[in-house]
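Asker: Enclosed is the structure file my_file-v9.txt (compact mmCIF, C-alpha atoms).
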# COMPACT_ATOMS: atom_id res chain seq x y z
CA MET A 1 0.00 0.00 0.00
CA ASN A 2 1.42 3.37 -0.92
CA ASP A 3 -1.27 6.03 -1.26
CA THR A 4 -0.30 9.61 -1.93
CA THR A 5 -2.53 12.60 -1.25
CA ASP A 6 -1.10 16.13 -1.13
CA GLY A 7 2.39 14.72 -0.73
CA LEU A 8 1.34 12.37 2.07
CA SER A 9 2.47 8.78 1.60
CA ILE A 10 1.10 5.89 3.67
CA ARG A 11 2.83 2.54 3.70
CA ARG A 12 3.28 -0.52 5.84
CA ALA A 13 6.03 0.05 8.40
CA THR A 14 9.15 -2.10 8.33
CA VAL A 15 11.74 -2.94 10.95
CA ALA A 16 13.79 -0.03 9.60
CA ASP A 17 11.00 2.26 10.89
CA ALA A 18 11.25 1.11 14.53
CA GLU A 19 12.98 4.29 15.70
CA ALA A 20 10.46 6.54 13.93
CA LEU A 21 7.51 4.58 15.35
CA ALA A 22 8.92 4.86 18.87
CA GLU A 23 9.52 8.61 18.48
CA LEU A 24 6.00 9.17 17.15
CA ALA A 25 4.43 7.11 19.95
CA GLN A 26 6.45 8.92 22.61
CA GLY A 27 5.49 12.27 21.05
CA LEU A 28 1.82 11.35 21.22
CA ASN A 29 2.17 10.40 24.87
CA ARG A 30 3.87 13.72 25.67
CA HIS A 31 1.18 15.64 23.76
CA GLN A 32 -1.55 13.88 25.77
CA GLY A 33 0.29 14.47 29.05
CA ASP A 34 0.89 10.76 29.57
CA PRO A 35 4.16 9.20 30.69
CA VAL A 36 6.40 8.36 27.74
CA GLY A 37 6.59 4.75 28.95
CA ASN A 38 8.94 2.06 27.81
CA PHE A 39 8.04 1.83 24.12
CA ASP A 40 11.35 2.38 22.37
CA ALA A 41 12.92 1.19 19.13
CA ALA A 42 14.09 -2.09 20.68
CA VAL A 43 10.55 -2.87 21.89
CA ALA A 44 9.15 -1.91 18.47
CA ARG A 45 11.59 -4.26 16.73
CA ARG A 46 10.81 -7.11 19.12
CA ASP A 47 7.02 -6.75 19.33
CA GLY A 48 6.25 -5.55 15.83
CA PHE A 49 8.86 -7.23 13.68
CA GLY A 50 10.27 -10.13 15.72
CA ASP A 51 9.57 -13.85 15.43
CA ARG A 52 6.02 -13.44 16.74
CA PRO A 53 4.81 -9.91 15.92
CA CYS A 54 1.82 -8.80 18.01
CA TRP A 55 0.96 -5.74 15.92
CA THR A 56 1.30 -4.24 12.46
CA ALA A 57 1.80 -0.57 11.71
CA LEU A 58 1.24 1.88 8.91
CA LEU A 59 3.55 4.86 8.62
CA ALA A 60 2.52 8.19 7.11
CA GLU A 61 5.28 10.30 5.59
CA ARG A 62 5.38 13.72 4.03
CA GLY A 63 8.49 14.69 2.12
CA GLY A 64 10.16 11.47 3.27
CA ARG A 65 9.67 12.45 6.92
CA PRO A 66 7.49 10.39 9.31
CA VAL A 67 4.43 12.41 10.38
CA GLY A 68 2.00 9.80 11.70
CA TYR A 69 1.33 6.15 12.34
CA ALA A 70 -1.38 3.60 13.01
CA MET A 71 -0.83 0.36 14.90
CA PHE A 72 -3.30 -2.47 14.84
CA HIS A 73 -3.54 -5.99 16.21
Take the structure in the file and give it back as structure tokens.
Answerer:
Amino acid sequence: MNDTTDGLSIRRATVADAEALAELAQGLNRHQGDPVGNFDAAVARRDGFGDRPCWTALLAERGGRPVGYAMFH
């Protein structure tokens, strides 16, 4: 999947996106006033892209820069 609308691209996240996913998730937590928690790139790699992934993610990019994500089980 790679849809583009007004320069926004949405694609399935890969293990190479683990750092970006963690940064986006931590940013959302900060914005909502929640603790950042322990979701970091290592956890993203293990839980989303390891031997037994427990979620899948889509990554939205604009100009090649991550701007949003969706995780689903």
Asker: Would you mind reading off the distance between CA of Phe39 (chain A) and CA of Arg52 (chain A), one decimal, in Å?
Answerer: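 Taking CA of Phe39 (chain A) as the start and CA of Arg52 (chain A) as the end point, the length is 17.1 Å.
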Asker: Compare A:Asn38, A:Gln32, A:Asp51, A:Arg45 by their minimum atom-to-atom distance to Ala18 (chain A), counting all atoms listed in the file, and give me the closest one.
Answerer: A:Arg45
Asker: Restricting the calculation to all atoms listed in the file: of A:Gly7, A:His73, A:Gly64, A:Ala57, which residue gets closest to Ala25 (chain A)?
Answerer: A:Ala57
Asker: Considering only C-alpha atoms, state which residue in the set A:Val67, A:Val43, A:Gly33, A:Glu23 is at the smallest distance from Ile10 (chain A).
Answerer: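 Between A:Val67, A:Val43, A:Gly33, A:Glu23, the residue approaching Ile10 (chain A) most closely is A:Val67.
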Asker: Identify, on the basis of all atoms listed in the file, every residue whose closest approach to Gly63 (chain A) does not exceed 12 Å; exclude the query and any residue fewer than 2 positions from it along the same chain; express the result as a PyMOL selection string.
Answerer: chain A and resi 4-10+60-61+65-67
